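This report refers to the structure that appears directly beneath it.
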Amino acid sequence: MAANVIPEKELVAIILYTSLFFIILAVVLIVFFYFSRKKIIQKELEKKDLILQYQKEQLYAVIITQEEERKRIAQDLHDDISSKLNIVSLNSHILSSPGLTEAEVKEITENIISLTAKALENSRKIAHNLLPPVFEKFGLHAGIQELCEEFESSKTVQVHYKNEINFEEKDLDRHLHVFRILQELMNNSLRHGKAGEIWINFKIEDEIKTCNYKDNGIGFDETNAENQKGLGMKNIDSRISFLDGTIEINSQINKGISVTFTF
Amino acid sequence: MDDILIYGGYILVVLNMILYTYSFFQKEKANVFFICYLGFLIVIQFLMEVMYQIKMNNLYLTNVYFIGQMIFLGFFFNDILNAKDQKVFVKCSLAAALLVLLVQFFLDSSQFLKFNLFEITLTSLVVVVFALLHLYNMLTEYRQYYYITVGVVIYLLASTVLFLFGNLTNGLSNDIKYLTWALNAFLYLVYQLFILYEWKVSFSKKNCIKKI
């Protein structure tokens, strides 16, 4: 009955429009999925590029640091040891020349002895700077204590060190990174921050080892990107990523710096 | 049952209108074109209801509804799309669609007194394309009006087919005739629920999302 009421033309139009609607829809959807896929893949590639770029930068930082370290060691060796050994060698030559009085021989020998003692002392210092023996033998806690004492011995800075963590010896490799980070931070505080006081505080927060570091130096403007891309900061960043930790740096001009990192 | 669906839809659209208007005057401003669209829906539904009650033929209002829906949602998507060429595309396709409909109106104005199949197909497809464009933009970026867009796509796809069969149902007996419209009312209800959920996600105070 119903079919009689509806003219054939109408029916054809309905079928036509419905199929047209679905055909166009299908095309639109296919185009949509095609471009979506493309976009997602492109985004993924960009992400990978970014990671590669970051790794490259880290590698670059590592190489530069290595070179700087070599330069520093070379300079130390040259200034503190080679120069002294040179004089020792000169003195030894004089000692072998004939016709020396006993007083002269005695003076030269004393000279040689004092110079070799100084060279020995200096070589010990250099070795110590490279890797403190206390750290290797007695662990992070003792290493940091010694580091603090060294800094305090310069009389310009006062260090408050507090530790609530019992560092395990098997993590010494990881602790070396922590030690280096602190060394870098303290060097920065002293050299750039002109800090008078430094606070270091180790504690366990929610079962995560956390270190709070604070100084009262001149600080820096954290909104300025240049301050965040220094070699030292990059070095700290890569060490933190080695440790699978997090780091948060807060600073304002004339309000010191506060660093919190986990490891 | 049908009445529940239909009046439930009315209540929800009014509720959405109130909520979005409220949000419009708050800090997290809701999109003004979308509020216009909701207002337009309410007006059309109110007119339809009134004309139905006084036994007037309200069928030509569906044409107004489809054209108005395309215009308001077109402006809405035009407003939230970011890329300049996309905005140009939306404006151009809106203008072109209106022009084509105008031509059709002059050639055969009797089409506008019943379900105008060409118009329904055209306006719905245009809006679906805009919505897909917006979904494409949201793939990798911040989700803005995500649920509304999904709701628009679902509702338009389903209801368009129902409206396309509209002229066919006119000849059917009353019992079966209203089945498709009950389904449409149900879809409309779902659509309004999507819009309500969007409001909850984007504008209710607890989880304010910054508008970029």
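Ordering of the structure tokens sets the chain letters (A, B, ...), residue numbers begin anew at 1 in every chain, and ligands are numbered from 1 in the order given.
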Give me, as JSON, numbers by chain, the residues of chain B touching chain A, with the criterion being at most 12 Å (counting only C-alpha atoms).
{"B": [111, 114, 115, 116, 117, 118, 119, 120, 121, 122, 123, 124, 125, 126, 127, 128, 129, 130, 131, 132, 133, 134, 135, 136, 137, 138, 139, 140, 141, 153, 156, 157, 158, 159, 160, 161, 162, 163, 164, 165, 166, 167, 168, 169, 170, 171, 172, 173, 174, 176, 177]}
Writing out the chosen residues with N, CA and C atoms as a compact mmCIF listing (two decimals), in the first residue's frame:
```txt
# COMPACT_ATOMS: atom_id res chain seq x y z
N GLN B 111 10.78 22.31 -3.66
CA GLN B 111 11.63 21.40 -2.89
C GLN B 111 11.71 21.81 -1.42
N LYS B 114 9.18 20.32 1.36
CA LYS B 114 9.27 18.96 1.90
C LYS B 114 10.73 18.67 2.27
N PHE B 115 11.08 17.40 2.48
CA PHE B 115 12.48 17.10 2.79
C PHE B 115 13.31 17.28 1.53
N ASN B 116 14.14 18.29 1.53
CA ASN B 116 14.97 18.60 0.38
C ASN B 116 16.23 17.73 0.42
N LEU B 117 16.22 16.65 -0.34
CA LEU B 117 17.29 15.65 -0.23
C LEU B 117 18.65 16.24 -0.55
N PHE B 118 18.69 17.02 -1.62
CA PHE B 118 19.96 17.61 -2.03
C PHE B 118 20.53 18.50 -0.93
N GLU B 119 19.66 19.30 -0.36
CA GLU B 119 20.09 20.22 0.69
C GLU B 119 20.58 19.45 1.93
N ILE B 120 19.83 18.42 2.30
CA ILE B 120 20.21 17.64 3.49
C ILE B 120 21.58 17.02 3.29
N THR B 121 21.78 16.39 2.13
CA THR B 121 23.07 15.75 1.85
C THR B 121 24.20 16.77 1.88
N LEU B 122 23.98 17.88 1.18
CA LEU B 122 25.03 18.89 1.05
C LEU B 122 25.41 19.49 2.41
N THR B 123 24.40 19.97 3.15
CA THR B 123 24.71 20.67 4.41
C THR B 123 25.36 19.71 5.41
N SER B 124 24.84 18.48 5.47
CA SER B 124 25.41 17.53 6.44
C SER B 124 26.85 17.20 6.09
N LEU B 125 27.09 16.94 4.81
CA LEU B 125 28.45 16.59 4.41
C LEU B 125 29.43 17.72 4.69
N VAL B 126 28.98 18.95 4.40
CA VAL B 126 29.86 20.10 4.65
C VAL B 126 30.25 20.16 6.12
N VAL B 127 29.25 20.00 6.99
CA VAL B 127 29.54 20.08 8.43
C VAL B 127 30.45 18.92 8.85
N VAL B 128 30.18 17.71 8.32
CA VAL B 128 31.03 16.56 8.69
C VAL B 128 32.47 16.80 8.25
N VAL B 129 32.64 17.37 7.06
CA VAL B 129 34.00 17.67 6.59
C VAL B 129 34.69 18.65 7.53
N PHE B 130 33.95 19.69 7.94
CA PHE B 130 34.55 20.66 8.89
C PHE B 130 34.96 19.94 10.18
N ALA B 131 34.06 19.07 10.66
CA ALA B 131 34.34 18.38 11.92
C ALA B 131 35.57 17.48 11.77
N LEU B 132 35.67 16.79 10.63
CA LEU B 132 36.84 15.93 10.42
C LEU B 132 38.11 16.76 10.33
N LEU B 133 38.00 17.93 9.73
CA LEU B 133 39.14 18.84 9.64
C LEU B 133 39.64 19.20 11.05
N HIS B 134 38.66 19.46 11.91
CA HIS B 134 39.02 19.81 13.28
C HIS B 134 39.62 18.60 14.00
N LEU B 135 39.05 17.42 13.77
CA LEU B 135 39.61 16.20 14.39
C LEU B 135 41.04 15.98 13.93
N TYR B 136 41.27 16.26 12.65
CA TYR B 136 42.62 16.12 12.09
C TYR B 136 43.59 17.05 12.82
N ASN B 137 43.15 18.27 13.05
CA ASN B 137 44.02 19.22 13.77
C ASN B 137 44.30 18.75 15.19
N MET B 138 43.32 18.09 15.78
CA MET B 138 43.47 17.71 17.19
C MET B 138 44.31 16.45 17.38
N LEU B 139 44.69 15.81 16.26
CA LEU B 139 45.44 14.55 16.38
C LEU B 139 46.66 14.71 17.26
N THR B 140 47.40 15.76 17.01
CA THR B 140 48.67 15.91 17.73
C THR B 140 48.67 17.09 18.67
N GLU B 141 47.57 17.84 18.67
CA GLU B 141 47.58 19.03 19.49
C GLU B 141 46.60 18.92 20.64
N VAL B 153 29.76 14.59 14.46
CA VAL B 153 29.98 13.59 13.41
C VAL B 153 28.99 12.44 13.55
N LEU B 156 25.20 13.68 12.96
CA LEU B 156 24.90 14.07 11.59
C LEU B 156 24.88 12.87 10.66
N LEU B 157 25.83 11.96 10.83
CA LEU B 157 25.87 10.79 9.95
C LEU B 157 24.58 9.99 10.07
N ALA B 158 24.16 9.77 11.32
CA ALA B 158 22.98 8.93 11.51
C ALA B 158 21.70 9.66 11.12
N SER B 159 21.58 10.90 11.59
CA SER B 159 20.31 11.60 11.37
C SER B 159 20.13 11.97 9.90
N THR B 160 21.23 12.21 9.19
CA THR B 160 21.11 12.56 7.78
C THR B 160 20.40 11.45 7.01
N VAL B 161 20.80 10.22 7.30
CA VAL B 161 20.16 9.10 6.61
C VAL B 161 18.68 9.05 6.95
N LEU B 162 18.36 9.27 8.22
CA LEU B 162 16.96 9.27 8.64
C LEU B 162 16.17 10.35 7.92
N PHE B 163 16.78 11.53 7.80
CA PHE B 163 16.09 12.62 7.13
C PHE B 163 15.95 12.35 5.63
N LEU B 164 16.97 11.67 5.07
CA LEU B 164 16.89 11.34 3.64
C LEU B 164 15.70 10.44 3.36
N PHE B 165 15.39 9.58 4.31
CA PHE B 165 14.24 8.70 4.15
C PHE B 165 12.94 9.39 4.57
N GLY B 166 13.05 10.66 4.97
CA GLY B 166 11.91 11.38 5.52
C GLY B 166 10.70 11.38 4.61
N ASN B 167 10.92 11.69 3.33
CA ASN B 167 9.78 11.74 2.39
C ASN B 167 9.11 10.38 2.25
N LEU B 168 9.91 9.34 2.42
CA LEU B 168 9.38 7.99 2.31
C LEU B 168 8.43 7.69 3.44
N THR B 169 8.80 8.12 4.65
CA THR B 169 8.00 7.78 5.83
C THR B 169 6.67 8.50 5.81
N ASN B 170 6.59 9.62 5.06
CA ASN B 170 5.32 10.36 5.01
C ASN B 170 4.17 9.48 4.53
N GLY B 171 4.50 8.54 3.64
CA GLY B 171 3.44 7.69 3.10
C GLY B 171 3.12 6.48 3.94
N LEU B 172 3.93 6.25 4.95
CA LEU B 172 3.72 5.05 5.76
C LEU B 172 2.59 5.26 6.76
N SER B 173 2.14 4.15 7.34
CA SER B 173 1.08 4.26 8.34
C SER B 173 1.67 4.86 9.62
N ASN B 174 0.82 5.46 10.41
CA ASN B 174 1.26 6.24 11.56
C ASN B 174 2.10 5.44 12.56
N ILE B 176 4.25 2.95 12.14
CA ILE B 176 5.65 2.74 11.75
C ILE B 176 6.37 4.05 11.52
N LYS B 177 5.61 5.02 11.07
CA LYS B 177 6.13 6.33 10.70
C LYS B 177 7.01 6.94 11.79
```
Leaving out stretch 61-78 of chain A and any residue of its chain fewer than 4 positions from it, which residues lie within 9 Å of it when counting only C-alpha atoms, given as number ranges by chain?
A: 56-57, 82-83, 122-123, 126, 130, 231-232, 234-235, 238
For A:Arg124, which residue among A:Ile165, A:Ile112, A:Val88, A:Ile81 is the nearest when counting only C-alpha atoms?
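Under the stated criterion, the closest residue is A:Ile81.
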Counting only C-alpha atoms, what is within 10 Å of B:Ile148, bar same-chain residues fewer than 6 positions away, as a ChimeraX atom specification?
/B:34,131,154,191-199
Selected residues written out with C-alpha atoms, as a PDB file, in the first residue's frame:
```pdb
ATOM      1  CA  PHE B  34      28.221  27.456  19.427  1.00  0.00           C
ATOM      2  CA  ALA B 131      34.341  18.376  11.917  1.00  0.00           C
ATOM      3  CA  ILE B 154      27.973  10.758  14.980  1.00  0.00           C
ATOM      4  CA  TYR B 191      24.188  14.304  20.779  1.00  0.00           C
ATOM      5  CA  GLN B 192      23.076  16.703  23.509  1.00  0.00           C
ATOM      6  CA  LEU B 193      24.672  14.429  26.099  1.00  0.00           C
ATOM      7  CA  PHE B 194      27.962  14.726  24.213  1.00  0.00           C
ATOM      8  CA  ILE B 195      27.624  18.510  24.323  1.00  0.00           C
ATOM      9  CA  LEU B 196      26.851  18.347  28.030  1.00  0.00           C
ATOM     10  CA  TYR B 197      29.899  16.165  28.628  1.00  0.00           C
ATOM     11  CA  GLU B 198      32.028  18.620  26.672  1.00  0.00           C
ATOM     12  CA  TRP B 199      30.878  21.358  29.004  1.00  0.00           C
TER      13      TRP B 199
END
```
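For the pair atom CA of B:Ile35 and atom CA of B:Ala182, the interatomic distance is 25.7 Å.
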Taking 2 positions as the minimum chain separation for residues in the same chain, which residues sit within 10 Å of A:Leu176 when counting only C-alpha atoms? Answer as a short mmCIF file (atom, residue, chain, number, x, y, z; two decimals) with N, CA and C atoms, in the first residue's frame.
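selection-v3.cif, written as the output of this step:
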```cif
data_model
loop_
_atom_site.label_atom_id
_atom_site.label_comp_id
_atom_site.auth_asym_id
_atom_site.auth_seq_id
_atom_site.Cartn_x
_atom_site.Cartn_y
_atom_site.Cartn_z
N LEU A 131 90.46 12.24 41.32
CA LEU A 131 89.52 11.35 42.03
C LEU A 131 89.97 11.24 43.48
N PHE A 135 86.97 9.33 48.70
CA PHE A 135 85.70 8.92 48.10
C PHE A 135 85.75 7.45 47.72
N GLU A 136 86.87 7.05 47.14
CA GLU A 136 86.97 5.67 46.69
C GLU A 136 87.00 4.68 47.85
N GLY A 139 83.58 6.02 50.55
CA GLY A 139 82.23 6.27 50.03
C GLY A 139 81.86 7.73 49.91
N LEU A 140 80.64 7.94 49.47
CA LEU A 140 80.15 9.28 49.12
C LEU A 140 80.14 10.22 50.31
N GLY A 143 83.47 11.38 51.15
CA GLY A 143 83.95 12.18 50.03
C GLY A 143 83.39 13.60 50.08
N ASP A 171 76.78 0.99 45.17
CA ASP A 171 76.32 2.04 44.25
C ASP A 171 77.40 3.09 43.99
N LEU A 172 78.65 2.73 44.23
CA LEU A 172 79.72 3.73 44.16
C LEU A 172 79.77 4.42 42.80
N ASP A 173 79.50 3.66 41.73
CA ASP A 173 79.52 4.25 40.38
C ASP A 173 78.50 5.37 40.25
N ARG A 174 77.32 5.08 40.80
CA ARG A 174 76.27 6.10 40.76
C ARG A 174 76.64 7.28 41.65
N VAL A 178 76.83 11.72 41.57
CA VAL A 178 76.31 12.65 42.57
C VAL A 178 77.43 13.55 43.06
N PHE A 179 78.57 12.93 43.33
CA PHE A 179 79.73 13.68 43.82
C PHE A 179 80.14 14.75 42.82
N ARG A 180 80.19 14.37 41.54
CA ARG A 180 80.59 15.32 40.50
C ARG A 180 79.58 16.45 40.36
N ILE A 181 78.31 16.10 40.48
CA ILE A 181 77.27 17.14 40.38
C ILE A 181 77.48 18.17 41.49
N LEU A 182 77.70 17.65 42.71
CA LEU A 182 77.90 18.56 43.83
C LEU A 182 79.15 19.41 43.63
N ARG A 239 74.46 13.77 33.65
CA ARG A 239 74.68 12.89 34.80
C ARG A 239 73.35 12.49 35.45
#
```
At a cut-off of 12 Å, using only C-alpha atoms, what residues contact A:Lys155? Leave out same-chain residues fewer than 5 positions from it and give the result as a PyMOL selection string.
chain A and resi 148-150+190+195-197
Atoms to include: C-alpha atoms. Write the selected residues as a PDB file, in the first residue's frame.
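Wrote selection_14.pdb, looks like this:
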```
ATOM      1  CA  CYS A 148      83.210  20.561  52.143  1.00  0.00           C
ATOM      2  CA  GLU A 149      86.349  20.847  54.240  1.00  0.00           C
ATOM      3  CA  GLU A 150      88.387  21.713  51.196  1.00  0.00           C
ATOM      4  CA  LEU A 190      81.973  29.936  44.443  1.00  0.00           C
ATOM      5  CA  ALA A 195      78.299  32.597  47.615  1.00  0.00           C
ATOM      6  CA  GLY A 196      79.216  32.968  51.304  1.00  0.00           C
ATOM      7  CA  GLU A 197      77.226  30.003  52.556  1.00  0.00           C
TER       8      GLU A 197
END
```
Near-stretch 91-98 of chain A list (9 Å; only C-alpha atoms; drop same-chain fewer than 2 positions) as a VMD selection string:
chain A and resid 86 to 89 100 104 to 105 108 to 109 111 to 112
I'd like the neighbourhood of A:Gly245 as a ChimeraX atom specification, where a residue qualifies if any of its atoms comes within 10 Å (using only C-alpha atoms), though same-chain residues fewer than 3 positions away should be ignored.
/A:208-210,237,239-242,261-263
